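Have a look at query-v2.pdb below; it lists PDB, C-alpha atoms.
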MODEL        1
ATOM      1  CA  ARG A   1      17.571  18.630 -49.972
ATOM      2  CA  CYS A   2      16.703  19.409 -46.348
ATOM      3  CA  CYS A   3      15.113  15.995 -45.873
ATOM      4  CA  ALA A   4      18.170  14.324 -47.360
ATOM      5  CA  SER A   5      20.414  16.308 -45.024
ATOM      6  CA  ALA A   6      18.272  15.366 -42.031
ATOM      7  CA  ARG A   7      18.405  11.681 -42.980
ATOM      8  CA  ALA A   8      22.160  11.923 -43.430
ATOM      9  CA  CYS A   9      22.548  13.595 -40.023
ATOM     10  CA  GLY A  10      20.322  10.965 -38.418
ATOM     11  CA  GLY A  11      22.359   8.177 -39.995
ATOM     12  CA  ALA A  12      25.616   9.763 -38.887
ATOM     13  CA  MET A  13      24.293  10.164 -35.337
ATOM     14  CA  ALA A  14      23.176   6.533 -35.235
ATOM     15  CA  PHE A  15      26.578   5.457 -36.558
ATOM     16  CA  GLU A  16      28.343   7.514 -33.877
ATOM     17  CA  GLU A  17      26.150   5.984 -31.150
ATOM     18  CA  GLU A  18      27.038   2.495 -32.404
ATOM     19  CA  GLU A  19      30.720   3.401 -32.325
ATOM     20  CA  VAL A  20      30.426   4.734 -28.760
ATOM     21  CA  ALA A  21      28.545   1.628 -27.626
ATOM     22  CA  ALA A  22      31.185  -0.630 -29.188
ATOM     23  CA  ALA A  23      33.965   1.394 -27.582
ATOM     24  CA  LEU A  24      32.337   1.229 -24.152
ATOM     25  CA  ALA A  25      31.803  -2.526 -24.494
ATOM     26  CA  SER A  26      35.550  -3.060 -24.909
ATOM     27  CA  ALA A  27      36.607  -0.256 -22.556
ATOM     28  CA  LEU A  28      38.783  -0.715 -19.510
ATOM     29  CA  VAL A  29      36.926  -0.092 -16.248
ATOM     30  CA  VAL A  30      39.156   0.846 -13.308
ATOM     31  CA  LEU A  31      38.736   1.527  -9.613
ATOM     32  CA  PRO A  32      40.518   4.206  -7.549
ATOM     33  CA  GLY A  33      44.136   3.242  -7.011
ATOM     34  CA  GLU A  34      44.402   0.886  -9.979
ATOM     35  CA  GLU A  35      47.352   1.276 -12.326
ATOM     36  CA  ILE A  36      46.502   2.377 -15.865
ATOM     37  CA  ALA A  37      49.865   2.956 -17.553
ATOM     38  CA  ARG A  38      53.553   2.828 -16.749
ATOM     39  CA  GLY A  39      56.626   4.414 -18.269
ATOM     40  CA  GLY A  40      56.040   8.161 -18.311
ATOM     41  CA  GLY A  41      55.287   8.402 -22.035
ATOM     42  CA  PHE A  42      51.747   9.664 -21.431
ATOM     43  CA  LEU A  43      49.859  12.843 -20.587
ATOM     44  CA  ARG A  44      47.834  12.852 -17.370
ATOM     45  CA  GLY A  45      44.141  13.645 -17.854
ATOM     46  CA  HIS A  46      41.167  14.089 -15.554
ATOM     47  CA  GLY A  47      40.575  11.318 -13.044
ATOM     48  CA  THR A  48      44.223  10.242 -12.870
ATOM     49  CA  TYR A  49      47.411  11.048 -10.991
ATOM     50  CA  VAL A  50      51.089  10.206 -11.425
ATOM     51  CA  GLU A  51      52.892   8.102  -8.841
ATOM     52  CA  SER A  52      56.633   7.395  -8.734
ATOM     53  CA  GLY A  53      58.223   4.351  -7.216
ATOM     54  CA  PRO A  54      57.772   0.584  -7.399
ATOM     55  CA  ALA A  55      54.398  -0.727  -8.483
ATOM     56  CA  GLY A  56      54.181  -2.981  -5.449
ATOM     57  CA  ASP A  57      52.486  -6.302  -5.798
ATOM     58  CA  SER A  58      49.970  -5.186  -8.430
ATOM     59  CA  ASP A  59      51.640  -7.384 -11.063
ATOM     60  CA  ASP A  60      51.024 -10.455  -8.918
ATOM     61  CA  ASP A  61      47.276  -9.819  -8.697
ATOM     62  CA  ASP A  62      45.414 -11.842 -11.293
ATOM     63  CA  ASP A  63      42.413  -9.510 -11.079
ATOM     64  CA  ALA A  64      44.414  -6.332 -11.530
ATOM     65  CA  ALA A  65      43.576  -4.076 -14.471
ATOM     66  CA  PRO A  66      45.736  -4.409 -17.600
ATOM     67  CA  VAL A  67      48.635  -1.980 -17.703
ATOM     68  CA  ALA A  68      49.740  -0.144 -20.823
ATOM     69  CA  ASP A  69      53.519   0.023 -21.006
ATOM     70  CA  GLU A  70      54.774   3.239 -22.560
ATOM     71  CA  GLU A  71      57.976   3.055 -24.554
ATOM     72  CA  GLY A  72      60.877   5.321 -23.830
ATOM     73  CA  GLY A  73      59.779   6.294 -20.323
ATOM     74  CA  ASP A  74      60.842   5.681 -16.758
ATOM     75  CA  PRO A  75      59.322   2.324 -15.691
ATOM     76  CA  SER A  76      59.062   3.589 -12.103
ATOM     77  CA  VAL A  77      56.509   6.255 -13.124
ATOM     78  CA  ARG A  78      52.918   5.021 -12.996
ATOM     79  CA  LEU A  79      49.610   6.562 -13.977
ATOM     80  CA  VAL A  80      46.953   5.665 -11.399
ATOM     81  CA  ALA A  81      43.185   6.155 -11.470
ATOM     82  CA  SER A  82      41.751   8.473  -8.843
ATOM     83  CA  VAL A  83      38.077   7.721  -9.583
ATOM     84  CA  ALA A  84      36.031   4.709 -10.629
ATOM     85  CA  GLY A  85      35.123   4.831 -14.288
ATOM     86  CA  VAL A  86      36.035   4.092 -17.894
ATOM     87  CA  VAL A  87      39.520   4.760 -19.264
ATOM     88  CA  LEU A  88      39.546   7.119 -22.243
ATOM     89  CA  ARG A  89      42.650   7.544 -24.378
ATOM     90  CA  VAL A  90      43.259  10.164 -27.068
ATOM     91  CA  ASN A  91      46.766   9.700 -28.479
ATOM     92  CA  ARG A  92      49.006  10.188 -25.403
ATOM     93  CA  LEU A  93      46.313  11.774 -23.226
ATOM     94  CA  ILE A  94      44.796   9.287 -20.778
ATOM     95  CA  SER A  95      41.831  10.163 -18.586
ATOM     96  CA  VAL A  96      39.125   8.367 -16.619
ATOM     97  CA  ARG A  97      35.484   9.263 -17.100
ATOM     98  CA  PRO A  98      33.707   8.691 -13.764
ATOM     99  CA  VAL A  99      30.524   6.678 -13.577
ATOM    100  CA  GLN A 100      28.775   9.528 -11.780
ATOM    101  CA  SER A 101      29.868  13.131 -11.807
ATOM    102  CA  ARG A 102      28.571  16.663 -12.022
ATOM    103  CA  TYR A 103      26.913  17.801 -15.197
ATOM    104  CA  GLY A 104      29.511  18.499 -17.887
ATOM    105  CA  GLY A 105      27.244  19.921 -20.566
ATOM    106  CA  ASP A 106      27.336  20.185 -24.323
ATOM    107  CA  VAL A 107      26.202  22.814 -26.796
ATOM    108  CA  GLY A 108      22.520  22.385 -27.544
ATOM    109  CA  ASP A 109      21.613  20.701 -24.254
ATOM    110  CA  VAL A 110      18.242  21.537 -22.728
ATOM    111  CA  VAL A 111      18.779  22.395 -19.062
ATOM    112  CA  VAL A 112      16.739  23.514 -16.063
ATOM    113  CA  GLY A 113      18.490  25.918 -13.708
ATOM    114  CA  ARG A 114      17.977  28.223 -10.758
ATOM    115  CA  ILE A 115      18.989  31.889 -10.636
ATOM    116  CA  VAL A 116      21.691  32.427  -8.005
ATOM    117  CA  SER A 117      22.523  36.114  -8.426
ATOM    118  CA  VAL A 118      21.908  39.108 -10.658
ATOM    119  CA  GLY A 119      25.045  40.790 -11.985
ATOM    120  CA  ASN A 120      26.068  43.380 -14.528
ATOM    121  CA  LYS A 121      24.123  42.553 -17.721
ATOM    122  CA  GLN A 122      23.976  38.891 -16.685
ATOM    123  CA  TRP A 123      22.395  36.355 -14.377
ATOM    124  CA  HIS A 124      24.356  33.572 -12.687
ATOM    125  CA  VAL A 125      22.505  30.256 -12.885
ATOM    126  CA  ASP A 126      23.025  27.056 -10.909
ATOM    127  CA  LEU A 127      22.918  24.185 -13.417
ATOM    128  CA  GLY A 128      24.387  21.488 -11.194
ATOM    129  CA  ALA A 129      27.730  21.815 -13.011
ATOM    130  CA  ARG A 130      31.200  22.512 -11.669
ATOM    131  CA  GLN A 131      30.724  26.223 -12.325
ATOM    132  CA  LEU A 132      27.746  28.529 -12.452
ATOM    133  CA  GLY A 133      26.190  29.122 -15.852
ATOM    134  CA  THR A 134      25.829  32.618 -17.288
ATOM    135  CA  LEU A 135      22.695  34.050 -18.873
ATOM    136  CA  MET A 136      23.506  37.343 -20.593
ATOM    137  CA  LEU A 137      20.967  40.125 -20.968
ATOM    138  CA  GLY A 138      21.376  39.868 -24.724
ATOM    139  CA  SER A 139      20.541  36.146 -24.650
ATOM    140  CA  ILE A 140      16.901  36.487 -23.582
ATOM    141  CA  ASN A 141      13.661  37.582 -25.192
ATOM    142  CA  LEU A 142      12.620  41.065 -24.172
ATOM    143  CA  PRO A 143       8.980  41.593 -23.144
ATOM    144  CA  GLY A 144       6.844  41.875 -26.245
ATOM    145  CA  GLY A 145       9.500  40.192 -28.373
ATOM    146  CA  ALA A 146      11.243  43.474 -29.164
ATOM    147  CA  LEU A 147      14.343  43.032 -31.328
ATOM    148  CA  ARG A 148      16.666  45.887 -30.405
ATOM    149  CA  ARG A 149      19.878  46.686 -28.622
ATOM    150  CA  ARG A 150      19.817  46.380 -24.850
ATOM    151  CA  THR A 151      19.909  49.762 -23.171
ATOM    152  CA  LEU A 152      20.561  51.084 -19.688
ATOM    153  CA  GLU A 153      16.836  50.902 -18.974
ATOM    154  CA  ASP A 154      16.901  47.178 -19.747
ATOM    155  CA  GLN A 155      19.725  46.740 -17.240
ATOM    156  CA  LEU A 156      17.735  48.559 -14.574
ATOM    157  CA  GLN A 157      14.718  46.323 -15.260
ATOM    158  CA  MET A 158      16.624  43.034 -15.029
ATOM    159  CA  ARG A 159      15.003  42.090 -11.722
ATOM    160  CA  THR A 160      11.576  42.294 -13.295
ATOM    161  CA  LEU A 161      12.606  39.400 -15.555
ATOM    162  CA  PHE A 162      14.533  37.050 -13.256
ATOM    163  CA  VAL A 163      15.412  37.277  -9.567
ATOM    164  CA  GLU A 164      17.200  34.987  -7.142
ATOM    165  CA  ASN A 165      15.703  31.478  -6.776
ATOM    166  CA  ASP A 166      13.698  31.741 -10.000
ATOM    167  CA  LEU A 167      13.632  28.531 -12.033
ATOM    168  CA  LEU A 168      14.067  28.638 -15.787
ATOM    169  CA  SER A 169      14.533  26.364 -18.764
ATOM    170  CA  ALA A 170      17.275  27.224 -21.230
ATOM    171  CA  GLU A 171      19.669  25.850 -23.811
ATOM    172  CA  VAL A 172      23.459  25.681 -23.636
ATOM    173  CA  SER A 173      24.815  27.996 -26.328
ATOM    174  CA  SER A 174      28.593  28.002 -25.771
ATOM    175  CA  PHE A 175      31.433  27.548 -23.307
ATOM    176  CA  TYR A 176      33.874  30.080 -21.917
ATOM    177  CA  GLN A 177      37.603  29.452 -21.758
ATOM    178  CA  HIS A 178      37.417  28.921 -17.994
ATOM    179  CA  GLY A 179      34.886  26.107 -18.519
ATOM    180  CA  GLY A 180      31.708  27.953 -17.568
ATOM    181  CA  MET A 181      28.577  27.533 -19.662
ATOM    182  CA  ALA A 182      26.698  30.274 -21.476
ATOM    183  CA  ILE A 183      22.965  29.646 -21.853
ATOM    184  CA  HIS A 184      20.170  31.423 -23.695
ATOM    185  CA  THR A 185      16.358  31.615 -23.608
ATOM    186  CA  ARG A 186      15.775  33.177 -27.036
ATOM    187  CA  SER A 187      13.167  30.601 -28.030
ATOM    188  CA  MET A 188       9.625  31.057 -26.727
ATOM    189  CA  ARG A 189       9.607  27.552 -25.280
ATOM    190  CA  TYR A 190      12.362  28.571 -22.847
ATOM    191  CA  GLY A 191      12.019  30.992 -19.964
ATOM    192  CA  LYS A 192      10.790  31.249 -16.394
ATOM    193  CA  LEU A 193       9.137  28.192 -14.836
ATOM    194  CA  ALA A 194       6.273  28.545 -12.366
ATOM    195  CA  ASN A 195       3.388  26.583 -10.883
ATOM    196  CA  GLY A 196       5.028  23.179 -10.905
ATOM    197  CA  GLN A 197       7.496  20.883  -9.160
ATOM    198  CA  LEU A 198      11.216  20.316  -9.645
ATOM    199  CA  VAL A 199      12.684  16.806  -9.402
ATOM    200  CA  THR A 200      16.444  16.281  -9.280
ATOM    201  CA  VAL A 201      18.215  13.050 -10.254
ATOM    202  CA  SER A 202      21.726  12.147 -11.346
ATOM    203  CA  PRO A 203      22.579  13.588 -14.803
ATOM    204  CA  SER A 204      23.884  10.168 -15.842
ATOM    205  CA  LEU A 205      20.315   8.806 -15.708
ATOM    206  CA  ILE A 206      18.975  11.185 -18.372
ATOM    207  CA  LYS A 207      20.066  10.591 -21.942
ATOM    208  CA  ARG A 208      19.569  12.810 -24.958
ATOM    209  CA  LEU A 209      16.031  12.560 -26.335
ATOM    210  CA  SER A 210      14.478  13.617 -29.609
ATOM    211  CA  GLN A 211      12.175  15.903 -27.597
ATOM    212  CA  HIS A 212      12.845  17.074 -24.044
ATOM    213  CA  PHE A 213       9.555  18.979 -23.731
ATOM    214  CA  VAL A 214       7.039  16.173 -23.286
ATOM    215  CA  SER A 215       3.285  16.072 -22.621
ATOM    216  CA  LEU A 216       2.624  12.843 -20.741
ATOM    217  CA  PRO A 217      -0.687  11.012 -21.278
ATOM    218  CA  CYS A 218      -1.544  11.427 -17.576
ATOM    219  CA  GLY A 219      -2.055  15.175 -18.014
ATOM    220  CA  VAL A 220       1.409  16.339 -16.921
ATOM    221  CA  ASP A 221       3.874  18.414 -18.934
ATOM    222  CA  ALA A 222       7.522  17.589 -18.270
ATOM    223  CA  ILE A 223      10.876  19.098 -19.193
ATOM    224  CA  PHE A 224      13.674  16.521 -19.006
ATOM    225  CA  GLY A 225      16.790  18.622 -18.462
ATOM    226  CA  LEU A 226      20.043  16.924 -19.382
ATOM    227  CA  ASN A 227      21.578  18.325 -16.196
ATOM    228  CA  GLY A 228      19.454  15.947 -14.119
ATOM    229  CA  ARG A 229      16.638  18.376 -13.312
ATOM    230  CA  ILE A 230      13.109  17.582 -14.403
ATOM    231  CA  TRP A 231      10.286  20.122 -14.291
ATOM    232  CA  LEU A 232       6.714  18.901 -13.860
ATOM    233  CA  THR A 233       3.564  20.964 -14.245
ATOM    234  CA  VAL A 234      -0.057  20.501 -15.222
ATOM    235  CA  ALA A 235      -0.737  20.193 -18.939
ATOM    236  CA  ARG A 236      -1.804  23.419 -20.589
ATOM    237  CA  SER A 237      -5.194  23.705 -22.218
ATOM    238  CA  GLY A 238      -5.882  25.690 -25.343
ATOM    239  CA  GLU A 239      -8.558  27.761 -23.593
ATOM    240  CA  GLU A 240      -6.271  29.249 -20.930
ATOM    241  CA  ALA A 241      -5.786  32.479 -22.860
ATOM    242  CA  GLY A 242      -9.528  33.013 -23.376
ATOM    243  CA  ASP A 243     -11.911  32.494 -26.267
ATOM    244  CA  HIS A 244     -10.701  35.587 -28.084
ATOM    245  CA  VAL A 245      -7.070  34.420 -28.209
ATOM    246  CA  GLU A 246      -6.098  31.418 -30.289
ATOM    247  CA  ARG A 247      -3.103  29.271 -29.381
ATOM    248  CA  SER A 248      -0.186  30.303 -31.537
ATOM    249  CA  ARG A 249       3.482  31.139 -31.431
ATOM    250  CA  MET A 250       2.974  34.895 -31.448
ATOM    251  CA  THR A 251       4.998  36.518 -28.709
ATOM    252  CA  ASP A 252       2.230  38.497 -27.033
ATOM    253  CA  GLU A 253      -0.116  35.525 -26.935
ATOM    254  CA  MET A 254       2.575  33.216 -25.601
ATOM    255  CA  GLU A 255       3.419  35.709 -22.837
ATOM    256  CA  LEU A 256      -0.259  35.949 -21.942
ATOM    257  CA  GLU A 257      -0.555  32.168 -21.868
ATOM    258  CA  ASN A 258       2.536  31.841 -19.658
ATOM    259  CA  ARG A 259       1.188  34.450 -17.240
ATOM    260  CA  LEU A 260      -2.203  32.764 -17.020
ATOM    261  CA  HIS A 261      -0.581  29.381 -16.504
ATOM    262  CA  ALA A 262       1.540  30.757 -13.642
ATOM    263  CA  GLU A 263      -1.598  32.109 -11.950
ATOM    264  CA  ARG A 264      -3.658  28.996 -12.573
ATOM    265  CA  VAL A 265      -5.034  27.094  -9.572
ATOM    266  CA  ILE A 266      -4.112  23.418  -9.930
ATOM    267  CA  SER A 267      -6.878  20.994  -9.038
ATOM    268  CA  PRO A 268      -6.325  18.172  -6.497
ATOM    269  CA  GLU A 269      -6.523  15.593  -9.309
ATOM    270  CA  SER A 270      -3.754  17.350 -11.246
ATOM    271  CA  ARG A 271      -1.653  17.646  -8.090
ATOM    272  CA  GLU A 272      -1.978  13.908  -7.529
ATOM    273  CA  ALA A 273      -0.959  13.226 -11.150
ATOM    274  CA  ILE A 274       2.133  15.402 -10.713
ATOM    275  CA  ALA A 275       2.982  13.652  -7.433
ATOM    276  CA  ARG A 276       2.586  10.248  -9.099
ATOM    277  CA  VAL A 277       4.962  11.202 -11.921
ATOM    278  CA  ARG A 278       7.406  12.679  -9.427
ATOM    279  CA  ASN A 279       7.459   9.476  -7.335
ATOM    280  CA  ALA A 280       7.822   7.377 -10.478
ATOM    281  CA  ILE A 281      10.949   9.359 -11.386
ATOM    282  CA  LEU A 282      12.401   8.966  -7.889
ATOM    283  CA  ALA A 283      11.645   5.228  -7.905
ATOM    284  CA  LEU A 284      13.539   4.812 -11.181
ATOM    285  CA  ALA A 285      16.458   6.920  -9.934
ATOM    286  CA  ALA A 286      16.688   4.994  -6.651
ATOM    287  CA  THR A 287      17.382   1.779  -8.557
ATOM    288  CA  GLY A 288      19.785   3.381 -11.043
ATOM    289  CA  ARG A 289      17.469   3.043 -14.051
ATOM    290  CA  LEU A 290      17.349   5.509 -16.927
ATOM    291  CA  VAL A 291      14.721   8.218 -16.591
ATOM    292  CA  ASN A 292      12.790   8.850 -19.805
ATOM    293  CA  PRO A 293       9.122   9.451 -20.685
ATOM    294  CA  VAL A 294       8.480   5.804 -21.640
ATOM    295  CA  ALA A 295       9.892   4.426 -18.377
ATOM    296  CA  VAL A 296       8.108   7.057 -16.286
ATOM    297  CA  MET A 297       4.725   6.293 -17.859
ATOM    298  CA  ALA A 298       5.327   2.555 -17.435
ATOM    299  CA  VAL A 299       5.821   3.057 -13.674
ATOM    300  CA  VAL A 300       2.799   5.366 -13.450
ATOM    301  CA  THR A 301       0.601   2.845 -15.275
ATOM    302  CA  ARG A 302       1.893  -0.013 -13.133
ATOM    303  CA  SER A 303       1.147   1.919  -9.928
ATOM    304  CA  GLU A 304      -2.425   2.488 -11.062
ATOM    305  CA  GLU A 305      -2.830  -1.204 -11.908
ATOM    306  CA  LEU A 306      -1.630  -2.139  -8.416
ATOM    307  CA  GLY A 307      -4.000   0.389  -6.857
ATOM    308  CA  LEU A 308      -1.170   2.256  -5.135
ATOM    309  CA  ALA A 309      -1.631   5.786  -3.901
ATOM    310  CA  ALA A 310       0.956   8.311  -5.042
ATOM    311  CA  LYS A 311       2.467   8.549  -1.550
ATOM    312  CA  ALA A 312       2.882   4.735  -1.376
ATOM    313  CA  MET A 313       4.962   4.415  -4.546
ATOM    314  CA  LEU A 314       8.268   4.930  -2.730
ATOM    315  CA  ALA A 315       7.684   2.274  -0.073
ATOM    316  CA  PRO A 316      10.528  -0.302  -0.094
ATOM    317  CA  ASP A 317       8.160  -3.286  -0.056
ATOM    318  CA  VAL A 318       6.494  -2.316  -3.358
ATOM    319  CA  SER A 319       9.646  -1.544  -5.321
ATOM    320  CA  ASP A 320       9.959  -4.985  -6.936
ATOM    321  CA  ALA A 321       6.308  -5.152  -7.922
ATOM    322  CA  LEU A 322       6.336  -1.578  -9.219
ATOM    323  CA  LEU A 323       9.558  -1.692 -11.216
ATOM    324  CA  GLY A 324       9.648  -5.361 -12.189
ATOM    325  CA  PRO A 325       8.094  -5.051 -15.666
ATOM    326  CA  VAL A 326       9.822  -1.736 -16.419
ATOM    327  CA  SER A 327      12.753  -1.911 -18.859
ATOM    328  CA  THR A 328      14.926   1.074 -19.790
TER     329      THR A 328
ENDMDL
END
Will you turn the file into structure tokens for me?
Amino acid sequence: RCCASARACGGAMAFEEEEVAAALASALVVLPGEEIARGGGFLRGHGTYVESGPAGDSDDDDDAAPVADEEGGDPSVRLVASVAGVVLRVNRLISVRPVQSRYGGDVGDVVVGRIVSVGNKQWHVDLGARQLGTLMLGSINLPGGALRRRTLEDQLQMRTLFVENDLLSAEVSSFYQHGGMAIHTRSMRYGKLANGQLVTVSPSLIKRLSQHFVSLPCGVDAIFGLNGRIWLTVARSGEEAGDHVERSRMTDEMELENRLHAERVISPESREAIARVRNAILALAATGRLVNPVAVMAVVTRSEELGLAAKAMLAPDVSDALLGPVST
């Protein structure tokens, strides 16, 4: 029954993606200042503004965007785009989704954030969104995996868990009425990030993947955050916790493994592998290509075939040769 449900969900998701792709193929793309609708029988959404008065000579321009006439409204009232993007219409609500914007977020997204401040029973996290995210004290794993109510002692020990400028991986759990995101780190795969490098790209270049925690063949572990932040670190080995501790999902052993990984000295070869992956990501982002594990490894492999050093991958004269065979 579970397998059937999973197949049904996968089919529904694929069907929704096909619908979205078909909708975007026939969507209206507008530039700032272009007229979207006229007549006043609409609701103004994000990325638009209302303008009263004559439409000017926009009707005489053959290249002007098509205008939707609304019945029963004042023809002198126009809805104009304020950003460049795709027009979205839900009944009477008309909005424009910009090509590039800050991270909007969705429930279930894997994100990488930075602690900004420590508050009362909560941490404020910069996720690259319009507002700071909130990580509540009750939304984390306590040391040792204890399952109990949070007490005053836990509040006093909050700075032993996360402090300002700490990096962490988390998952979006819900949204507040004011638009802020609530995140959680209840799973053992989430938590504080250390001993690695953070790479930031536009959130529009990272699409939803089946797995955002990826071990690349070049010996680098990566977390592809949907908010445009990618965490790179050296791949973990099963012997980091010692011969007497086997790799498992037990809380104590995972905490020990995380602590040993944070204190691990990264070899020069591993540092070069991380730098090569980092420059591959920046090379893809500079040309507006999607950033995913397959594309990143294709650039890394191509750089090794060309005999390029990691620091030479971002040179303008090698961009065509490096990214030519890469398709996203």
Within 9 Å of (19.8, 13.2, -24.9), all atoms listed in the file: residues as a list in words?
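Counting all atoms listed in the file, I find these residues within 9 Å of (19.8, 13.2, -24.9): Asp109, Val110, Ile206, Lys207, Arg208, Leu209, Ser210, Gln211, His212, Gly225 and Leu226 of chain A.
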What's the separation between CA of Arg130 in chain A and CA of Val90 in chain A, in Å to one decimal place?
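Rounded to one decimal, the two atoms are 23.1 Å apart.
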Who sits within 9 Å of Ala194 in chain A, all atoms listed in the file, same chain under 3 positions skipped, as an MDAnalysis selection string
chainID A and resid 166:168 197 233 258 261:263
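Interatomic distance, CA of Leu127 in chain A to CA of Gly113 in chain A: 4.8 Å.
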Close residues, Gly85 in chain A itself excluded, 12 Å, all atoms listed in the file, min 6 positions apart in chain, as JSON, numbers by chain
{"A": [24, 27, 28, 29, 30, 31, 32, 33, 34, 36, 46, 47, 48, 95, 96, 97, 98, 99, 100, 101]}
Please expand the PyMOL selection byres ((chain A and resi 314) around 12) into the concrete residues it hits in this file, giving the result as a PyMOL selection string.
chain A and resi 275-287+299+303+308-313+315-323
For the atom pair CA of Leu156 in chain A and CA of Leu260 in chain A, what is the interatomic distance in Å to one decimal place?
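Separation between CA of Leu156 in chain A and CA of Leu260 in chain A: 25.6 Å.
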Apply the PyMOL selection byres ((chain A and resi 124) around 12) to the structure shown and report the selected residues as a CSV table (one decimal) with C-alpha atoms, keeping the file's coordinate frame.
chain,number,residue,atom,x,y,z
A,113,GLY,CA,18.5,25.9,-13.7
A,114,ARG,CA,18.0,28.2,-10.8
A,115,ILE,CA,19.0,31.9,-10.6
A,116,VAL,CA,21.7,32.4,-8.0
A,117,SER,CA,22.5,36.1,-8.4
A,118,VAL,CA,21.9,39.1,-10.7
A,119,GLY,CA,25.0,40.8,-12.0
A,120,ASN,CA,26.1,43.4,-14.5
A,121,LYS,CA,24.1,42.6,-17.7
A,122,GLN,CA,24.0,38.9,-16.7
A,123,TRP,CA,22.4,36.4,-14.4
A,125,VAL,CA,22.5,30.3,-12.9
A,126,ASP,CA,23.0,27.1,-10.9
A,127,LEU,CA,22.9,24.2,-13.4
A,131,GLN,CA,30.7,26.2,-12.3
A,132,LEU,CA,27.7,28.5,-12.5
A,133,GLY,CA,26.2,29.1,-15.9
A,134,THR,CA,25.8,32.6,-17.3
A,135,LEU,CA,22.7,34.0,-18.9
A,136,MET,CA,23.5,37.3,-20.6
A,137,LEU,CA,21.0,40.1,-21.0
A,162,PHE,CA,14.5,37.0,-13.3
A,163,VAL,CA,15.4,37.3,-9.6
A,164,GLU,CA,17.2,35.0,-7.1
A,165,ASN,CA,15.7,31.5,-6.8
A,166,ASP,CA,13.7,31.7,-10.0
A,167,LEU,CA,13.6,28.5,-12.0
A,168,LEU,CA,14.1,28.6,-15.8
A,180,GLY,CA,31.7,28.0,-17.6
A,181,MET,CA,28.6,27.5,-19.7
A,182,ALA,CA,26.7,30.3,-21.5
A,183,ILE,CA,23.0,29.6,-21.9
A,184,HIS,CA,20.2,31.4,-23.7
Distance criterion (all atoms listed in the file): nearest to Val294 in chain A out of A:Ala84, A:Ile94, A:Pro268, A:Ser215
A:Ser215
Residue members of the PyMOL selection byres ((chain A and resi 203) around 6) in the file shown, as a PyMOL selection string:
chain A and resi 202+204-206+227-228
Which residues are near Leu79 in chain A? Cut-off 7 Å, all atoms listed in the file, ignore same chain within fewer than 3 positions. Put them as number ranges by chain.
A: 35-38, 48-51
Distance criterion (all atoms listed in the file): nearest to Arg44 in chain A out of A:Val234, A:Leu93, A:Val77, A:Ile274:
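Once distances to Arg44 in chain A are computed over all atoms listed in the file, the minimum belongs to A:Leu93.
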Can I get C-alpha atoms for range 248-270 of chain A, as a PDB file, in the first residue's frame?
ATOM      1  CA  SER A 248      24.673   4.237  12.834  1.00  0.00           C
ATOM      2  CA  ARG A 249      21.800   6.596  13.417  1.00  0.00           C
ATOM      3  CA  MET A 250      21.991   6.434  17.199  1.00  0.00           C
ATOM      4  CA  THR A 251      21.983   9.905  18.677  1.00  0.00           C
ATOM      5  CA  ASP A 252      25.088   9.625  20.837  1.00  0.00           C
ATOM      6  CA  GLU A 253      27.157   8.143  18.033  1.00  0.00           C
ATOM      7  CA  MET A 254      25.974  10.742  15.543  1.00  0.00           C
ATOM      8  CA  GLU A 255      26.867  13.550  17.969  1.00  0.00           C
ATOM      9  CA  LEU A 256      30.304  12.022  18.458  1.00  0.00           C
ATOM     10  CA  GLU A 257      30.784  11.737  14.706  1.00  0.00           C
ATOM     11  CA  ASN A 258      29.715  15.358  14.166  1.00  0.00           C
ATOM     12  CA  ARG A 259      32.121  16.559  16.858  1.00  0.00           C
ATOM     13  CA  LEU A 260      35.020  14.590  15.407  1.00  0.00           C
ATOM     14  CA  HIS A 261      34.237  15.843  11.920  1.00  0.00           C
ATOM     15  CA  ALA A 262      34.241  19.461  13.144  1.00  0.00           C
ATOM     16  CA  GLU A 263      37.681  18.941  14.705  1.00  0.00           C
ATOM     17  CA  ARG A 264      39.091  17.056  11.741  1.00  0.00           C
ATOM     18  CA  VAL A 265      42.114  18.507   9.933  1.00  0.00           C
ATOM     19  CA  ILE A 266      41.364  18.629   6.204  1.00  0.00           C
ATOM     20  CA  SER A 267      44.220  17.541   3.972  1.00  0.00           C
ATOM     21  CA  PRO A 268      45.490  19.767   1.116  1.00  0.00           C
ATOM     22  CA  GLU A 269      44.062  17.312  -1.439  1.00  0.00           C
ATOM     23  CA  SER A 270      40.598  17.546   0.126  1.00  0.00           C
TER      24      SER A 270
END
